[in-house]
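Undergrad: So that you have it, the file is target-v9.txt, and it contains compact mmCIF, C-alpha atoms:
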# COMPACT_ATOMS: atom_id res chain seq x y z
CA MET A 167 0.00 0.00 0.00
CA SER A 168 1.37 3.37 -1.00
CA THR A 169 1.53 6.28 1.39
CA VAL A 170 1.32 9.83 0.03
CA PRO A 171 -0.15 13.08 1.30
CA ALA A 172 -2.45 13.81 -1.63
CA GLY A 173 -3.38 17.34 -2.61
CA ARG A 174 -6.68 19.12 -2.67
CA GLY A 175 -6.25 19.39 -6.45
CA ILE A 176 -7.52 15.84 -6.95
CA PRO A 177 -11.14 16.10 -8.17
CA GLY A 178 -13.59 15.25 -5.40
CA PHE A 179 -10.86 14.78 -2.80
CA ASP A 180 -11.29 16.31 0.65
CA PRO A 181 -8.52 15.21 3.07
CA GLU A 182 -10.77 15.79 6.09
CA LYS A 183 -13.51 13.48 4.84
CA THR A 184 -11.59 10.36 3.88
CA THR A 185 -11.78 7.18 5.94
CA VAL A 186 -9.66 6.95 9.09
CA VAL A 187 -8.20 3.44 9.02
CA ARG A 188 -6.18 3.55 12.24
CA ARG A 189 -4.95 5.64 15.13
CA ASP A 190 -1.57 5.14 16.76
CA ASP A 191 -2.73 4.98 20.37
CA HIS A 192 -0.51 1.92 20.88
CA LEU A 193 2.46 4.32 21.03
CA GLN A 194 3.22 6.19 24.23
CA PRO A 195 3.00 9.99 24.46
CA LEU A 196 6.22 11.80 25.25
CA SER A 197 7.10 12.12 28.90
CA ALA A 198 7.32 15.52 30.59
CA GLY A 199 11.10 15.19 30.52
CA ALA A 200 11.13 14.83 26.74
CA LEU A 201 9.28 18.15 26.43
CA GLN A 202 12.02 20.04 28.24
CA ALA A 203 13.93 22.51 26.08
CA ALA A 204 17.24 21.00 27.23
CA TRP A 205 16.21 17.54 25.99
CA VAL A 206 15.05 18.90 22.65
CA ARG A 207 18.40 20.67 22.24
CA GLN A 208 20.25 17.44 23.04
CA ARG A 209 18.23 15.36 20.60
CA ILE A 210 18.63 17.83 17.74
CA GLN A 211 22.40 17.58 18.20
CA SER A 212 22.01 13.86 17.42
CA ALA A 213 19.68 14.34 14.45
CA ALA A 214 22.41 14.13 11.78
CA GLN A 215 23.02 10.48 12.67
CA TRP A 216 19.30 9.70 13.09
CA ARG A 217 17.24 7.99 10.39
CA PRO A 218 13.73 9.41 10.11
CA VAL A 219 10.80 7.03 10.32
CA ILE A 220 8.95 8.84 7.52
CA GLN A 221 11.42 9.85 4.82
CA GLY A 222 8.81 11.34 2.51
CA ASP A 223 6.28 10.48 -0.15
CA ALA A 224 8.84 10.33 -2.95
CA ALA A 225 11.21 8.13 -0.94
CA ARG A 226 8.54 5.60 -0.02
CA LEU A 227 6.79 5.56 -3.40
CA ASP A 228 10.06 5.55 -5.35
CA LEU A 229 8.61 8.23 -7.62
CA LYS A 230 10.72 10.56 -9.74
CA PRO A 231 9.22 14.02 -10.29
CA GLU A 232 9.19 15.51 -13.77
CA ARG A 233 11.57 18.29 -12.74
CA PRO A 234 14.81 18.09 -10.73
CA PRO A 235 14.30 18.15 -6.93
CA ALA A 236 14.07 21.65 -5.46
CA GLN A 237 15.65 22.45 -2.12
CA ALA A 238 13.36 23.99 0.51
CA ALA A 239 13.34 24.55 4.24
CA VAL A 240 10.77 25.11 6.96
CA LEU A 241 11.11 26.47 10.47
CA LEU A 242 9.82 24.17 13.21
CA PRO A 243 9.28 26.90 15.85
CA LEU A 244 8.94 25.77 19.46
CA VAL A 245 7.70 28.18 22.13
CA VAL A 246 9.45 27.80 25.50
CA ARG A 247 7.88 28.73 28.82
CA ASP A 248 9.86 28.16 32.04
CA GLY A 249 12.21 25.69 30.38
CA GLN A 250 9.37 23.59 28.93
CA VAL A 251 8.47 23.51 25.26
CA SER A 252 4.81 24.43 25.47
CA SER A 253 3.71 24.71 21.86
CA VAL A 254 4.52 24.66 18.15
CA VAL A 255 3.84 27.68 15.96
CA LEU A 256 1.98 26.92 12.72
CA THR A 257 0.37 28.98 9.98
CA ARG A 258 -2.79 28.65 7.93
CA ARG A 259 -2.25 29.64 4.31
CA THR A 260 -4.60 32.08 2.62
CA SER A 261 -7.46 30.65 0.57
CA HIS A 262 -6.52 32.41 -2.68
CA LEU A 263 -3.09 30.81 -3.13
CA LYS A 264 -2.54 28.64 -6.21
CA HIS A 265 -0.87 25.84 -4.25
CA HIS A 266 -1.91 24.40 -0.84
CA ALA A 267 -4.53 27.09 -0.26
CA GLY A 268 -5.95 27.06 3.27
CA GLN A 269 -3.62 24.32 4.47
CA ILE A 270 -1.73 24.23 7.76
CA SER A 271 2.03 24.53 7.41
CA PHE A 272 5.28 25.60 8.99
CA PRO A 273 6.79 28.93 7.93
CA GLY A 274 9.12 28.15 5.06
CA GLY A 275 9.64 27.83 1.35
CA LYS A 276 12.00 27.26 -1.53
CA ARG A 277 15.69 27.95 -1.11
CA GLU A 278 16.86 31.01 -3.04
CA PRO A 279 20.30 31.38 -4.69
CA ASP A 280 21.36 33.98 -2.09
CA ASP A 281 20.52 31.71 0.88
CA ALA A 282 23.72 30.44 2.46
CA SER A 283 22.05 27.37 4.00
CA SER A 284 18.75 25.72 4.82
CA ILE A 285 18.80 27.62 8.11
CA ALA A 286 19.10 30.88 6.20
CA THR A 287 16.15 29.87 4.01
CA ALA A 288 13.94 29.01 6.98
CA LEU A 289 14.78 32.24 8.82
CA ARG A 290 14.23 34.38 5.73
CA GLU A 291 10.88 32.77 5.00
CA ALA A 292 9.76 33.06 8.62
CA LYS A 293 10.59 36.77 8.61
CA GLU A 294 8.71 37.29 5.34
CA GLU A 295 5.67 35.20 6.26
CA VAL A 296 5.07 35.94 9.95
CA GLY A 297 7.45 38.79 10.88
CA LEU A 298 9.76 36.60 12.98
CA MET A 299 13.13 38.33 13.35
CA PRO A 300 16.30 36.19 13.33
CA GLN A 301 17.47 37.65 16.66
CA GLN A 302 14.29 36.25 18.28
CA VAL A 303 15.22 32.70 17.29
CA ASP A 304 17.48 30.19 19.03
CA VAL A 305 18.28 27.77 16.21
CA LEU A 306 19.05 24.28 17.52
CA GLY A 307 19.85 22.63 14.20
CA THR A 308 18.25 20.66 11.41
CA MET A 309 16.47 17.35 11.00
CA PRO A 310 16.93 15.01 8.02
CA ALA A 311 15.20 16.23 4.87
CA TYR A 312 11.69 15.18 3.90
CA LYS A 313 11.20 14.39 0.19
CA THR A 314 7.84 15.20 -1.36
CA VAL A 315 6.27 13.58 -4.39
CA THR A 316 5.99 17.06 -5.93
CA GLY A 317 9.77 17.28 -6.12
CA PHE A 318 10.79 19.24 -3.02
CA VAL A 319 13.49 18.23 -0.55
CA ILE A 320 12.42 19.99 2.66
CA THR A 321 14.83 20.47 5.55
CA PRO A 322 13.14 21.13 8.92
CA VAL A 323 15.03 23.70 11.00
CA VAL A 324 14.23 23.35 14.70
CA ALA A 325 14.32 26.51 16.81
CA LEU A 326 13.26 27.77 20.24
CA LEU A 327 11.25 30.97 20.61
CA PRO A 328 10.24 33.12 23.57
CA PRO A 329 6.51 33.31 24.35
CA ASP A 330 4.04 35.99 23.27
CA LEU A 331 5.81 37.27 20.18
CA PRO A 332 3.91 39.88 18.12
CA TRP A 333 3.20 37.98 14.90
CA GLN A 334 2.91 39.98 11.70
CA PRO A 335 1.51 37.61 9.06
CA ASP A 336 1.93 38.53 5.40
CA PRO A 337 -1.69 38.92 4.21
CA GLY A 338 -0.73 37.67 0.77
CA GLU A 339 0.35 34.28 2.10
CA VAL A 340 -0.71 33.74 5.70
CA ALA A 341 -4.28 33.91 6.95
CA GLU A 342 -3.47 33.03 10.56
CA VAL A 343 -0.61 32.30 12.94
CA PHE A 344 -1.46 30.03 15.87
CA GLU A 345 0.06 27.72 18.47
CA VAL A 346 -0.72 24.07 19.13
CA PRO A 347 0.30 22.47 22.45
CA LEU A 348 3.33 20.27 21.88
CA SER A 349 1.90 17.71 24.32
CA HIS A 350 -1.05 17.24 21.94
CA LEU A 351 1.09 16.78 18.84
CA MET A 352 3.53 14.47 20.63
CA ASN A 353 0.76 12.11 21.74
CA PRO A 354 0.29 9.46 19.01
CA SER A 355 -3.27 8.76 20.12
CA HIS A 356 -4.01 12.02 18.25
CA HIS A 357 -2.28 10.76 15.09
CA GLN A 358 -4.61 9.16 12.58
CA TRP A 359 -4.09 7.55 9.20
CA HIS A 360 -6.55 8.15 6.38
CA GLU A 361 -7.03 6.02 3.30
CA HIS A 362 -8.27 6.98 -0.14
CA GLU A 363 -8.06 5.57 -3.64
CA TRP A 364 -6.40 7.45 -6.46
CA GLN A 365 -5.50 6.20 -9.94
CA GLY A 366 -6.41 2.67 -8.91
CA HIS A 367 -4.19 2.55 -5.83
CA LYS A 368 -5.08 2.75 -2.15
CA ARG A 369 -2.97 5.37 -0.42
CA GLN A 370 -2.65 6.67 3.10
CA TYR A 371 -1.71 9.96 4.72
CA LEU A 372 -1.31 11.16 8.30
CA SER A 373 -3.28 13.82 10.13
CA MET A 374 -3.22 15.39 13.61
CA PRO A 375 -6.49 17.32 14.09
CA TRP A 376 -6.66 19.88 16.87
CA HIS A 377 -9.41 22.05 18.36
CA ASP A 378 -8.49 25.18 20.29
CA ALA A 379 -10.26 26.53 23.39
CA ALA A 380 -12.84 28.27 21.16
CA ASP A 381 -13.47 24.95 19.34
CA GLN A 382 -11.80 26.24 16.18
CA ARG A 383 -10.74 23.17 14.18
CA TYR A 384 -7.29 22.90 12.63
CA PHE A 385 -6.64 19.96 10.32
CA ILE A 386 -2.89 19.31 10.30
CA TRP A 387 -2.05 16.74 7.64
CA GLY A 388 0.31 15.66 4.87
CA ALA A 389 3.94 16.74 4.93
CA THR A 390 3.47 18.96 8.00
CA ALA A 391 2.01 16.09 10.01
CA SER A 392 4.71 13.71 8.76
CA MET A 393 7.53 16.04 9.82
CA LEU A 394 5.89 16.41 13.24
CA ARG A 395 5.68 12.63 13.48
CA ASN A 396 9.40 12.39 12.73
CA PHE A 397 9.99 14.97 15.46
CA TYR A 398 8.02 12.75 17.87
CA HIS A 399 10.21 9.74 17.08
CA LEU A 400 13.40 11.77 17.43
CA LEU A 401 12.41 12.96 20.91
CA ALA A 402 10.99 9.57 21.92
CA ASP A 403 14.23 7.69 21.24
CA ALA A 404 15.82 7.09 24.67
CA GLN A 405 13.58 9.77 26.15
CA PRO A 406 14.10 10.69 29.82
CA ALA A 407 11.51 9.74 32.42
Mind converting the file's structure to structure tokens?
TA:
Amino acid sequence: MSTVPAGRGIPGFDPEKTTVVRRDDHLQPLSAGALQAAWVRQRIQSAAQWRPVIQGDAARLDLKPERPPAQAAVLLPLVVRDGQVSSVVLTRRTSHLKHHAGQISFPGGKREPDDASSIATALREAKEEVGLMPQQVDVLGTMPAYKTVTGFVITPVVALLPPDLPWQPDPGEVAEVFEVPLSHLMNPSHHQWHEHEWQGHKRQYLSMPWHDAADQRYFIWGATASMLRNFYHLLADAQPA
């Protein structure tokens, strides 16, 4: 069975309405110790030697895009309160965009020729999209790249942020900036796998739905959910009590 985060461009496809075939409540949520900023920093230092559980749609489907792979980077921004990572900052894309309209994503985008590194790309994109200044960011390092079936090689850049930053979303790209509790995202009982059929094949993708205190629903799925799942496994390996 193939696994691919399909796009909303498929006729009649709504990622929120496909069948949920399983939830991963057999896996343990992260302990309080694994949500400490010091532990996250330690684990990111080991990420270069770590093999991600989900390497990407293209890697698992062995698909070759029509164009050469494009390098991209996203910022995985973690808000720290009293030494504990309390939440992850995500964005909801505007509804008028040509690609991935209305979807939940990390700040980030394609690497430009003037970017010195993936970290530079992620910081530049975060400044452009949500007004996050580089001096506000404590960059911990990068995770292994995630390869998409659309031909992008995305490097997640993990960083710590102070709380209560004044977000300034670019109205042309970002409809909303919001935080999701890390404890929710790092609890696999909230991870669910959907199945749909496309071009004669059954395929699956991951989602992590969340409702805020006002019962606003956020459907986190596809590549964003997969990179968060990799982050869970990185922190869960040899996690402290």
Undergrad: Here is a test: counting all atoms listed in the file, which residue of A:Thr316, A:Val245, A:Trp387, A:Glu363 is nearest to Ala203 (chain A)?
TA: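 Nearest to Ala203 (chain A): A:Val245.
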Undergrad: Region 290-294 of chain A: which residues within 9 Å, counting all atoms listed in the file, same-chain residues fewer than 3 positions away excluded, as an MDAnalysis selection string?
TA: chainID A and resid 239:241 272:276 281 285:287 297:300 334:336
Undergrad: From the set A:Leu196, A:Ala325, A:Val187, A:Val206, which residue has the shortest atom-to-atom contact distance to Lys368 (chain A), counting only C-alpha atoms?
TA: A:Val187
Undergrad: I'd like to know which of A:Ala311, A:Val343, A:Gly388, A:Val323 is closest to Val219 (chain A), using all atoms listed in the file.
TA: A:Ala311
Undergrad: Quick one: of A:Asn353, A:Ser373, A:Ser197, A:Ser212, who's nearest to Glu182 (chain A), counting only C-alpha atoms?
TA: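 That would be A:Ser373, the residue with the smallest distance to Glu182 (chain A).
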Undergrad: How close does each residue of region 253-357 of chain A get to region 399-406 of chain A, giving the shortest atom pair and distance in Å to one decimal for every residue with an atom at most 12 Å away, counting only C-alpha atoms, sorted by chain and residue number, as CSV?
TA:
residue,atom,partner,partner_atom,distance
A:Thr308,CA,A:Leu400,CA,11.8
A:Met309,CA,A:Leu400,CA,9.1
A:Pro310,CA,A:Leu400,CA,10.6
A:Val324,CA,A:Leu400,CA,11.9
A:Leu348,CA,A:Leu401,CA,11.7
A:Leu351,CA,A:His399,CA,11.7
A:Met352,CA,A:His399,CA,8.9
A:Asn353,CA,A:Ala402,CA,10.5
A:Pro354,CA,A:His399,CA,10.1
Undergrad: Restricting the output to C-alpha atoms, write the selected residues as a PDB file, keeping the file's coordinate frame.
TA:
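For reference, out.pdb as written:
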ATOM      1  CA  THR A 308      18.250  20.660  11.410  1.00  0.00           C
ATOM      2  CA  MET A 309      16.470  17.350  11.000  1.00  0.00           C
ATOM      3  CA  PRO A 310      16.930  15.010   8.020  1.00  0.00           C
ATOM      4  CA  VAL A 324      14.230  23.350  14.700  1.00  0.00           C
ATOM      5  CA  LEU A 348       3.330  20.270  21.880  1.00  0.00           C
ATOM      6  CA  LEU A 351       1.090  16.780  18.840  1.00  0.00           C
ATOM      7  CA  MET A 352       3.530  14.470  20.630  1.00  0.00           C
ATOM      8  CA  ASN A 353       0.760  12.110  21.740  1.00  0.00           C
ATOM      9  CA  PRO A 354       0.290   9.460  19.010  1.00  0.00           C
TER      10      PRO A 354
END
Undergrad: Suppose you want the space between CA of Arg383 (chain A) and CA of Pro181 (chain A); what is it in Å?
TA: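 Computed distance, CA of Arg383 (chain A) to CA of Pro181 (chain A), equals 13.8 Å.
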Undergrad: One decimal, in Å: what's the spacing between CA of Val315 (chain A) and CA of Ala391 (chain A)?
TA: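 Calculated distance between CA of Val315 (chain A) and CA of Ala391 (chain A) is 15.2 Å.
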Undergrad: With distances taken over only C-alpha atoms, which residue among A:Ser283, A:Ser355, A:Gln301, A:Gln269 lies nearest Leu193 (chain A)?
TA: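 Smallest separation from Leu193 (chain A) among the options: A:Ser355.
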Undergrad: In Å, how far is it from CA of Ser253 (chain A) to CA of Asp330 (chain A)?
TA: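 These atoms are spaced 11.4 Å apart.
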Undergrad: Residues within 12 Å of Ile386 (chain A), please, as an mmCIF file with C-alpha atoms, in the coordinates of the input. Count only C-alpha atoms; anything in the same chain fewer than 4 positions from it doesn't count.
TA:
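The result, written out as selection_21.cif:
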data_model
loop_
_atom_site.group_PDB
_atom_site.id
_atom_site.type_symbol
_atom_site.label_atom_id
_atom_site.label_comp_id
_atom_site.auth_asym_id
_atom_site.auth_seq_id
_atom_site.Cartn_x
_atom_site.Cartn_y
_atom_site.Cartn_z
ATOM 1 C CA PRO A 171 -0.150 13.080 1.300
ATOM 2 C CA PRO A 181 -8.520 15.210 3.070
ATOM 3 C CA GLU A 182 -10.770 15.790 6.090
ATOM 4 C CA LEU A 256 1.980 26.920 12.720
ATOM 5 C CA THR A 257 0.370 28.980 9.980
ATOM 6 C CA ARG A 258 -2.790 28.650 7.930
ATOM 7 C CA ARG A 259 -2.250 29.640 4.310
ATOM 8 C CA GLY A 268 -5.950 27.060 3.270
ATOM 9 C CA GLN A 269 -3.620 24.320 4.470
ATOM 10 C CA ILE A 270 -1.730 24.230 7.760
ATOM 11 C CA SER A 271 2.030 24.530 7.410
ATOM 12 C CA PHE A 272 5.280 25.600 8.990
ATOM 13 C CA VAL A 346 -0.720 24.070 19.130
ATOM 14 C CA HIS A 350 -1.050 17.240 21.940
ATOM 15 C CA LEU A 351 1.090 16.780 18.840
ATOM 16 C CA HIS A 356 -4.010 12.020 18.250
ATOM 17 C CA HIS A 357 -2.280 10.760 15.090
ATOM 18 C CA GLN A 358 -4.610 9.160 12.580
ATOM 19 C CA TRP A 359 -4.090 7.550 9.200
ATOM 20 C CA TYR A 371 -1.710 9.960 4.720
ATOM 21 C CA LEU A 372 -1.310 11.160 8.300
ATOM 22 C CA SER A 373 -3.280 13.820 10.130
ATOM 23 C CA MET A 374 -3.220 15.390 13.610
ATOM 24 C CA PRO A 375 -6.490 17.320 14.090
ATOM 25 C CA TRP A 376 -6.660 19.880 16.870
ATOM 26 C CA HIS A 377 -9.410 22.050 18.360
ATOM 27 C CA THR A 390 3.470 18.960 8.000
ATOM 28 C CA ALA A 391 2.010 16.090 10.010
ATOM 29 C CA SER A 392 4.710 13.710 8.760
ATOM 30 C CA MET A 393 7.530 16.040 9.820
ATOM 31 C CA LEU A 394 5.890 16.410 13.240
ATOM 32 C CA ARG A 395 5.680 12.630 13.480
#
Undergrad: Kindly indicate which residue among A:Thr184, A:Gln221, A:Gln302, A:Gln382 lies nearest to Pro332 (chain A), using only C-alpha atoms for the distances.
TA: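 Of the candidates, the smallest distance to Pro332 (chain A) is held by A:Gln302.
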